[in-house]
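Source file: my_file29.csv (CSV, C-alpha atoms)
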chain,number,residue,atom,x,y,z
A,5,MET,CA,77.5,98.0,88.3
A,6,GLY,CA,79.3,96.2,91.2
A,7,LEU,CA,79.2,97.3,94.8
A,8,LEU,CA,82.7,98.7,94.8
A,9,HIS,CA,82.0,100.9,91.8
A,10,ARG,CA,78.7,102.0,93.4
A,11,LEU,CA,80.5,102.8,96.7
A,12,HIS,CA,82.3,105.5,94.7
A,13,SER,CA,79.7,106.6,92.3
A,14,GLU,CA,76.8,106.7,94.8
A,15,GLY,CA,78.5,106.9,98.2
A,16,GLY,CA,81.3,109.3,97.2
A,17,GLN,CA,83.8,107.0,98.9
A,18,SER,CA,86.9,105.6,97.3
A,19,PRO,CA,87.7,101.9,98.1
A,20,TRP,CA,91.5,101.4,98.2
A,21,LEU,CA,93.3,98.1,98.7
A,22,ASP,CA,95.3,97.7,101.9
A,23,ASN,CA,97.7,95.0,100.7
A,24,LEU,CA,100.3,94.3,98.0
A,25,ARG,CA,102.1,91.3,96.8
A,26,ARG,CA,104.4,90.9,93.8
A,27,GLY,CA,102.4,87.9,92.5
A,28,TRP,CA,99.3,90.1,92.3
A,29,ILE,CA,101.2,92.4,90.0
A,30,THR,CA,102.8,89.8,87.7
A,31,SER,CA,99.6,87.7,87.5
A,32,GLY,CA,97.4,90.7,86.6
A,33,GLN,CA,95.3,90.2,89.7
A,34,LEU,CA,95.9,93.8,90.9
A,35,ALA,CA,94.7,95.2,87.6
A,36,THR,CA,91.6,93.0,87.9
A,37,MET,CA,90.9,94.5,91.4
A,38,ARG,CA,91.3,97.9,89.9
A,39,ASP,CA,88.8,97.1,87.2
A,40,ARG,CA,86.4,95.8,89.9
A,41,GLY,CA,86.4,99.2,91.5
A,42,VAL,CA,89.5,99.5,93.7
A,43,ARG,CA,90.8,103.0,93.2
A,44,GLY,CA,94.1,103.1,95.1
A,45,LEU,CA,96.4,101.1,97.3
A,46,THR,CA,98.2,101.4,100.7
A,47,SER,CA,101.1,99.5,102.0
A,48,ASN,CA,103.1,99.3,105.3
A,49,PRO,CA,106.1,97.5,106.7
A,50,THR,CA,103.9,94.6,108.0
A,51,ILE,CA,102.4,94.0,104.5
A,52,PHE,CA,105.9,93.8,103.0
A,53,GLN,CA,107.2,91.5,105.7
A,54,LYS,CA,104.4,89.1,104.9
A,55,ALA,CA,104.8,89.4,101.2
A,56,ILE,CA,108.6,89.1,101.0
A,57,GLN,CA,108.9,86.4,103.7
A,58,GLY,CA,105.8,84.6,102.6
A,59,SER,CA,106.7,83.8,99.0
A,60,ALA,CA,109.6,83.1,96.6
A,61,ASP,CA,108.5,85.9,94.3
A,62,TYR,CA,111.3,88.2,95.5
A,63,ASP,CA,114.2,85.7,95.5
A,64,THR,CA,115.6,86.3,92.0
A,65,GLN,CA,115.8,90.1,92.6
A,66,PHE,CA,117.1,89.6,96.1
A,67,ILE,CA,119.9,87.2,95.0
A,68,ALA,CA,121.0,89.6,92.3
A,69,LEU,CA,121.1,92.5,94.8
A,70,VAL,CA,123.1,90.4,97.2
A,71,ARG,CA,125.6,89.5,94.5
A,72,GLU,CA,125.9,93.2,93.7
A,73,ASP,CA,126.9,93.7,97.4
A,74,ALA,CA,123.7,95.5,98.4
A,75,SER,CA,123.2,95.7,102.1
A,76,PRO,CA,120.0,94.0,103.5
A,77,HIS,CA,118.6,97.4,104.2
A,78,ASP,CA,119.2,98.7,100.7
A,79,ALA,CA,117.9,95.4,99.3
A,80,TYR,CA,114.7,95.8,101.2
A,81,TRP,CA,114.0,99.2,99.6
A,82,GLU,CA,114.8,97.9,96.2
A,83,LEU,CA,112.3,95.0,96.6
A,84,VAL,CA,109.7,97.4,98.0
A,85,LEU,CA,110.1,100.1,95.4
A,86,ARG,CA,109.9,97.7,92.5
A,87,ASP,CA,106.4,96.6,93.8
A,88,ILE,CA,105.4,100.2,94.5
A,89,ASP,CA,106.5,101.3,91.0
A,90,SER,CA,104.6,98.5,89.4
A,91,ALA,CA,101.5,99.3,91.5
A,92,LEU,CA,101.8,103.0,90.4
A,93,ASP,CA,101.6,101.8,86.8
A,94,VAL,CA,98.5,99.8,87.5
A,95,PHE,CA,96.7,102.7,89.2
A,96,ALA,CA,98.0,105.5,86.9
A,97,PRO,CA,94.9,105.4,84.7
A,98,VAL,CA,92.7,105.9,87.8
A,99,TYR,CA,94.8,108.9,88.7
A,100,ALA,CA,94.4,110.4,85.2
A,101,ASP,CA,90.7,109.7,85.0
A,102,SER,CA,90.0,111.2,88.4
A,103,GLY,CA,91.9,114.3,87.8
A,104,GLY,CA,94.5,113.4,90.5
A,105,THR,CA,92.0,112.6,93.2
A,106,ASP,CA,92.4,108.8,93.2
A,107,GLY,CA,94.9,106.2,91.8
A,108,PHE,CA,97.4,106.8,94.6
A,109,VAL,CA,99.8,104.2,96.0
A,110,SER,CA,101.2,104.8,99.5
A,111,VAL,CA,104.6,103.7,100.8
A,112,GLU,CA,105.7,104.3,104.3
A,113,VAL,CA,108.9,105.9,105.6
A,114,ASP,CA,111.3,103.8,107.8
A,115,PRO,CA,109.1,103.3,111.0
A,116,SER,CA,112.2,103.5,113.2
A,117,LEU,CA,112.1,107.3,112.6
A,118,ALA,CA,108.6,107.8,114.1
A,119,ASP,CA,109.9,109.9,117.0
A,120,ASP,CA,112.6,111.7,114.9
A,121,ALA,CA,111.2,114.8,113.2
A,122,ALA,CA,114.3,115.6,111.1
A,123,GLY,CA,114.9,112.0,110.2
A,124,THR,CA,111.3,111.5,109.1
A,125,LEU,CA,111.4,114.6,106.9
A,126,GLN,CA,114.7,113.6,105.3
A,127,ALA,CA,113.5,110.0,104.7
A,128,ALA,CA,110.1,111.2,103.3
A,129,ARG,CA,111.7,113.7,100.9
A,130,SER,CA,114.2,111.1,99.8
A,131,LEU,CA,111.6,108.4,99.2
A,132,HIS,CA,109.4,110.9,97.3
A,133,GLU,CA,112.3,112.0,95.1
A,134,ARG,CA,113.5,108.5,94.5
A,135,ILE,CA,110.0,107.3,93.3
A,136,SER,CA,109.2,110.6,91.5
A,137,ARG,CA,105.7,109.7,90.4
A,138,LEU,CA,102.7,112.0,90.5
A,139,ASN,CA,100.4,109.3,92.1
A,140,VAL,CA,102.7,108.3,95.0
A,141,MET,CA,101.8,109.2,98.5
A,142,ILE,CA,104.5,109.0,101.2
A,143,LYS,CA,103.1,107.6,104.5
A,144,ILE,CA,104.2,109.5,107.6
A,145,PRO,CA,103.0,108.6,111.1
A,146,ALA,CA,100.8,111.2,112.9
A,147,THR,CA,103.2,111.2,115.9
A,148,PRO,CA,104.2,114.5,117.4
A,149,ALA,CA,107.5,114.2,115.5
A,150,GLY,CA,105.6,113.5,112.3
A,151,LEU,CA,103.4,116.6,112.3
A,152,PRO,CA,106.1,119.2,111.3
A,153,ALA,CA,107.4,116.8,108.6
A,154,ILE,CA,103.8,116.5,107.2
A,155,ARG,CA,103.5,120.3,107.0
A,156,THR,CA,106.8,120.7,105.3
A,157,MET,CA,106.2,117.9,102.8
A,158,ILE,CA,102.9,119.5,101.8
A,159,ALA,CA,104.6,122.9,101.6
A,160,GLU,CA,107.0,121.4,99.2
A,161,GLY,CA,104.2,120.0,97.0
A,162,ARG,CA,104.6,116.4,98.0
A,163,SER,CA,101.5,114.2,98.5
A,164,VAL,CA,101.2,112.6,101.9
A,165,ASN,CA,99.2,109.8,103.5
A,166,VAL,CA,99.2,110.5,107.3
A,167,THR,CA,99.0,107.2,109.1
A,168,LEU,CA,98.4,105.9,112.6
A,169,ILE,CA,95.7,108.4,113.7
A,170,PHE,CA,93.8,107.2,116.8
A,171,SER,CA,92.4,110.3,118.5
A,172,LEU,CA,90.2,113.2,117.6
A,173,GLU,CA,92.8,115.7,118.9
A,174,ARG,CA,95.6,114.3,116.8
A,175,TYR,CA,93.3,114.2,113.8
A,176,GLN,CA,92.7,117.9,114.2
A,177,ASN,CA,96.5,118.5,114.4
A,178,VAL,CA,96.9,116.5,111.2
A,179,MET,CA,94.3,118.6,109.3
A,180,ASP,CA,95.8,121.8,110.6
A,181,ALA,CA,99.3,120.7,109.4
A,182,TYR,CA,97.9,120.0,106.0
A,183,ILE,CA,96.2,123.4,105.7
A,184,GLU,CA,99.2,125.2,107.1
A,185,GLY,CA,101.4,123.4,104.6
A,186,LEU,CA,99.2,124.5,101.7
A,187,GLU,CA,99.2,128.1,103.0
A,188,ASP,CA,103.0,127.9,103.3
A,189,ARG,CA,103.2,126.8,99.6
A,190,VAL,CA,100.8,129.6,98.5
A,191,ALA,CA,102.9,132.1,100.4
A,192,SER,CA,106.0,130.9,98.4
A,193,GLY,CA,104.1,131.6,95.2
A,194,GLN,CA,103.8,128.0,94.1
A,195,SER,CA,100.8,126.0,92.9
A,196,ILE,CA,98.8,123.7,95.2
A,197,ALA,CA,96.6,122.2,92.5
A,198,ASP,CA,98.5,118.9,92.4
A,199,VAL,CA,99.0,118.4,96.2
A,200,ALA,CA,96.9,115.6,97.7
A,201,SER,CA,96.6,114.0,101.1
A,202,VAL,CA,94.6,111.5,103.1
A,203,ALA,CA,94.5,111.2,106.9
A,204,SER,CA,94.4,107.6,107.9
A,205,PHE,CA,92.1,107.2,111.0
A,206,PHE,CA,92.4,103.6,112.4
A,207,ILE,CA,89.1,102.0,113.2
A,208,SER,CA,88.8,98.3,114.3
A,209,ARG,CA,91.8,98.5,116.7
A,210,VAL,CA,89.8,100.9,118.8
A,211,ASP,CA,87.0,98.4,119.4
A,212,SER,CA,89.6,95.7,120.0
A,213,GLU,CA,91.0,97.8,122.8
A,214,VAL,CA,87.8,99.3,124.2
A,215,ASP,CA,85.6,96.2,124.2
A,216,PRO,CA,87.6,94.2,126.8
A,217,ARG,CA,87.6,97.3,129.0
A,218,LEU,CA,83.8,97.4,128.8
A,219,GLU,CA,83.6,93.7,129.5
A,220,SER,CA,85.8,94.1,132.6
A,221,LEU,CA,83.4,96.7,133.9
A,222,GLY,CA,80.5,94.3,133.3
A,223,THR,CA,77.6,96.6,133.8
A,224,SER,CA,74.7,96.5,131.4
A,225,GLU,CA,75.5,100.1,130.3
A,226,ALA,CA,79.1,99.1,129.6
A,227,LEU,CA,78.2,96.0,127.8
A,228,SER,CA,75.7,97.9,125.6
A,229,LEU,CA,78.6,100.1,124.3
A,230,ARG,CA,80.6,97.2,122.9
A,231,GLY,CA,81.3,97.7,119.2
A,232,LYS,CA,80.3,101.3,119.4
A,233,ALA,CA,83.5,103.3,120.2
A,234,ALA,CA,85.3,103.0,116.9
A,235,ILE,CA,82.4,104.0,114.7
A,236,ALA,CA,81.3,106.8,117.1
A,237,GLN,CA,84.9,108.2,117.0
A,238,ALA,CA,84.9,108.0,113.2
A,239,VAL,CA,81.6,109.8,113.0
A,240,LEU,CA,83.0,112.6,115.2
A,241,ALA,CA,86.1,112.7,113.1
A,242,TYR,CA,84.1,113.2,109.9
A,243,GLU,CA,82.2,116.0,111.6
A,244,ALA,CA,85.5,117.6,112.4
A,245,PHE,CA,86.6,117.1,108.8
A,246,GLN,CA,83.4,118.8,107.5
A,247,SER,CA,84.0,121.7,109.9
A,248,THR,CA,87.7,122.2,109.1
A,249,PHE,CA,87.3,122.1,105.4
A,250,SER,CA,84.8,124.8,105.2
A,251,GLY,CA,84.7,128.6,105.9
A,252,SER,CA,86.7,131.5,104.6
A,253,ARG,CA,90.2,130.2,105.4
A,254,TRP,CA,89.6,127.0,103.5
A,255,GLU,CA,87.7,128.7,100.6
A,256,ALA,CA,90.7,130.9,100.1
A,257,LEU,CA,92.8,127.8,99.4
A,258,VAL,CA,90.1,126.2,97.2
A,259,SER,CA,90.2,129.3,95.0
A,260,ARG,CA,93.8,128.4,94.3
A,261,GLY,CA,93.0,124.7,93.5
A,262,ALA,CA,93.3,123.0,96.9
A,263,LYS,CA,91.9,119.6,97.4
A,264,VAL,CA,90.5,118.5,100.8
A,265,GLN,CA,92.6,116.1,102.8
A,266,ARG,CA,90.2,113.2,102.8
A,267,PRO,CA,89.7,111.0,105.9
A,268,LEU,CA,90.8,107.5,105.2
A,269,TRP,CA,89.3,104.8,107.3
A,270,ALA,CA,92.1,102.2,108.0
A,271,SER,CA,92.2,99.0,109.9
A,272,THR,CA,88.7,98.2,108.6
A,273,SER,CA,88.7,94.4,108.7
A,274,THR,CA,86.5,93.1,111.5
A,275,LYS,CA,88.6,91.6,114.3
A,276,ASN,CA,85.6,90.4,116.3
A,277,PRO,CA,83.8,87.4,114.6
A,278,ALA,CA,80.6,88.5,116.4
A,279,TYR,CA,80.5,91.6,114.3
A,280,PRO,CA,79.5,91.6,110.5
A,281,ASP,CA,82.5,91.4,108.3
A,282,THR,CA,81.6,94.6,106.4
A,283,LEU,CA,80.7,96.6,109.6
A,284,TYR,CA,83.6,99.1,109.3
A,285,VAL,CA,82.7,99.7,105.6
A,286,ASP,CA,78.9,99.8,105.7
A,287,GLN,CA,78.8,102.2,108.7
A,288,LEU,CA,81.5,104.7,107.5
A,289,ILE,CA,80.3,105.7,104.0
A,290,GLY,CA,80.3,109.4,103.1
A,291,PRO,CA,81.5,111.8,100.4
A,292,ASN,CA,85.1,112.8,100.1
A,293,SER,CA,86.4,109.8,102.1
A,294,VAL,CA,88.5,106.7,101.5
A,295,ASN,CA,88.2,103.2,103.0
A,296,THR,CA,91.3,101.1,102.6
A,297,LEU,CA,90.4,97.4,102.8
A,298,PRO,CA,92.4,94.2,103.1
A,299,ASP,CA,91.7,91.9,100.2
A,300,ALA,CA,89.3,89.7,102.2
A,301,THR,CA,87.2,92.7,103.1
A,302,VAL,CA,87.2,93.9,99.5
A,303,ASP,CA,85.7,90.5,98.5
A,304,ALA,CA,83.2,90.6,101.4
A,305,PHE,CA,82.0,94.1,100.5
A,306,ALA,CA,81.8,93.3,96.8
A,307,ASP,CA,79.7,90.3,97.7
A,308,HIS,CA,77.3,91.6,100.3
A,309,GLY,CA,78.1,95.2,101.3
A,310,THR,CA,75.5,97.9,101.7
A,311,VAL,CA,75.9,101.2,99.8
A,312,SER,CA,74.2,104.0,101.7
A,313,ARG,CA,75.4,107.3,103.2
A,314,THR,CA,75.9,106.4,106.9
A,315,ILE,CA,78.8,108.5,108.2
A,316,ASP,CA,76.8,111.5,109.2
A,317,ILE,CA,73.2,110.4,109.7
A,318,LYS,CA,73.6,109.5,113.4
A,319,VAL,CA,75.9,112.3,114.7
A,320,ASP,CA,73.9,113.0,117.8
A,321,GLN,CA,73.9,109.3,118.7
A,322,ALA,CA,77.7,109.2,118.2
A,323,HIS,CA,78.1,112.2,120.6
A,324,ALA,CA,75.9,110.4,123.1
A,325,GLU,CA,77.9,107.2,122.9
A,326,TRP,CA,81.2,109.1,123.1
A,327,GLN,CA,80.0,110.9,126.3
A,328,ALA,CA,78.7,107.6,127.7
A,329,LEU,CA,82.1,106.0,127.3
A,330,GLN,CA,83.7,108.9,129.2
A,331,MET,CA,81.0,108.8,131.9
A,332,ILE,CA,81.7,105.1,132.8
A,333,GLY,CA,85.4,105.7,132.9
A,334,ILE,CA,86.8,104.8,129.5
A,335,ASP,CA,89.6,107.2,128.9
A,336,MET,CA,89.7,107.4,125.1
A,337,GLU,CA,92.7,109.7,125.0
A,338,GLU,CA,94.7,107.0,127.0
A,339,VAL,CA,93.3,104.4,124.6
A,340,ALA,CA,94.6,106.4,121.7
A,341,GLN,CA,98.0,106.9,123.2
A,342,LYS,CA,98.3,103.1,123.8
A,343,LEU,CA,97.2,102.3,120.3
A,344,GLU,CA,99.6,104.8,118.7
A,345,GLN,CA,102.5,103.3,120.7
A,346,GLU,CA,101.5,99.8,119.7
A,347,GLY,CA,101.0,100.7,116.1
A,348,VAL,CA,104.4,102.3,115.8
A,349,ALA,CA,106.0,99.4,117.7
A,350,SER,CA,104.3,96.8,115.4
A,351,PHE,CA,105.6,98.4,112.2
A,352,GLN,CA,109.0,98.8,113.7
A,353,LYS,CA,109.0,95.1,114.7
A,354,SER,CA,107.9,94.0,111.2
A,355,PHE,CA,110.6,96.2,109.6
A,356,THR,CA,113.4,94.9,112.0
A,357,GLU,CA,112.3,91.3,111.6
A,358,LEU,CA,112.3,91.5,107.9
A,359,ILE,CA,115.8,93.1,107.7
A,360,ASP,CA,117.1,90.4,110.1
A,361,ALA,CA,115.6,87.7,107.9
A,362,LEU,CA,117.1,89.3,104.8
A,363,THR,CA,120.5,89.5,106.5
A,364,GLU,CA,120.3,85.8,107.3
A,365,LYS,CA,119.2,84.9,103.8
A,366,ALA,CA,121.9,87.0,102.2
A,367,GLN,CA,124.6,84.8,103.8
A,368,GLN,CA,123.5,81.9,101.5
A,369,PHE,CA,124.3,83.8,98.4
A,370,ARG,CA,127.5,85.8,99.2
Let me see whether you can do it: turn the structure in this file into C-alpha cells.
Amino acid sequence: MGLLHRLHSEGGQSPWLDNLRRGWITSGQLATMRDRGVRGLTSNPTIFQKAIQGSADYDTQFIALVREDASPHDAYWELVLRDIDSALDVFAPVYADSGGTDGFVSVEVDPSLADDAAGTLQAARSLHERISRLNVMIKIPATPAGLPAIRTMIAEGRSVNVTLIFSLERYQNVMDAYIEGLEDRVASGQSIADVASVASFFISRVDSEVDPRLESLGTSEALSLRGKAAIAQAVLAYEAFQSTFSGSRWEALVSRGAKVQRPLWASTSTKNPAYPDTLYVDQLIGPNSVNTLPDATVDAFADHGTVSRTIDIKVDQAHAEWQALQMIGIDMEEVAQKLEQEGVASFQKSFTELIDALTEKAQQFR
C-alpha cells in the first residue's frame, strides 16, 4: 500500500490535491492521482489563472463562448465549471465509498466579494445551485463578512470549504459558525446528515512571514524559533478542534447525523528550501483532518513521506513555542491580519488579471 493510502488508513488524514488543469482530466492523470490515494481536490482563482493562461486546453471552448457573445466574466465561469464538473465525476466514487466524507471538489466564490457579506452569500448559493452536485464544496473566505454567509450556507444544507484562515481566533469563529448553522438547520426540522465542511487553515505562509521577523531580531532565542510558528499554530488549532467537537452540545448534533468540520491544512508546500519538502505533511498528521497538497508535494510525500500521528503528540511544546513567540515581540494576531489581507488580495489579483486577459483574447475572435 502506498504512502498516500496509508496516510488515510493509518493516519486518519485525507490527502487532497490543491491544483486542477483540464489536461489532467482529459489525459486520465487526475483519475490516476485518485487511484494513488488522493481523496479530493481544491481549487482557487490563482490555480485557474495558471491553468487557463498557461495552456491552449481551454481555447476551443473559449472561442465558442465568445462567438455566442458570452462576456469574459461569464466565459470564465463556464471554463471553470466544466473543469469542476469533470473533477466531480472523477471523485464521485470516493464520495460514495466514504459515505460522503471525502471525494469533494472545492470551487471558490468571486474573491472580489470577500468583504461583502450579502454578495458572498448570494454568489455562494448561486454557485452551489448551478453545480448541483452532492460532492461539491463552495469555498468562502473566513473574513468577517464571510462568517455569516458560512452559517447560512450550512443552515441551508450546502457543504462549505472555509478558506484563508490564519489565526486561532478566526478559526474558532469558523467552527462556531458551522455548529450554529447545523443547529439552525435542526431547528428548521431538516436533516444535517449530508452536510459537510472543512476549515482551511493556512500553514507555510505563516513561517514565510514570521521567519524574517525572527531573523531581524537576530537573538539566539529568536533564531531558534524559525520554522516553528506555523506548525505550533496548527497544533493549537487541532487542540481547539478536538475541544470544540466534543461535549454535550456537539453530541446532540452527532445524534442527528452531524459530521465534524475537519481542519484542512492548506498552503503545505515548503517555501523555504532549507526545510524538508514534506515538513508540512509529516508534522500535521492526525485523525479527522485533511491536507491539501500541490501536485509536487503529493509526489514528494508519496516518495518519502512519513506516516505517523504527529499533530497532537507535542501539544505542550507547541504552547511553549507559541508563548515564546509572543514574549520576544512577534504579534501573531497582526501576522494573521496581514496574511489574510494578502491572501484575499492575491486571489482578487489573479481573478482580475485572468478576466483582463480573457477580455483581450476575446477581441481576436469577435
> Which is closer to A:Glu243 than all the others in A:Glu338, A:Asp281, A:Asp215, A:Asp316, using all atoms listed in the file?
Replying inline: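 Looking at the shortest contact to A:Glu243, the residue is A:Asp316.
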>> To one decimal place in Å, what is the distance between atom CA of A:Pro145 and atom CA of A:Val348?
In response: 8.0 Å
>> What's around A:Val302 at 9 Å? Count all atoms listed in the file, leave out sequence neighbours fewer than 5 positions away in its own chain, and write the answer as a ChimeraX atom specification.
In response: /A:8,19-21,37,42,282,296-297,307
> Within 9 Å of A:Glu112, counting all atoms listed in the file, which residues qualify if same-chain residues fewer than 5 places away don't, as a PyMOL selection string?
Replying inline: chain A and resi 46-49+128+131+141-145+165+167
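Proximity to A:Gln33 was assessed for A:Asp120, A:Asp320, A:Glu225, A:Asp299 counting only C-alpha atoms; the smallest distance is recorded for A:Asp299.
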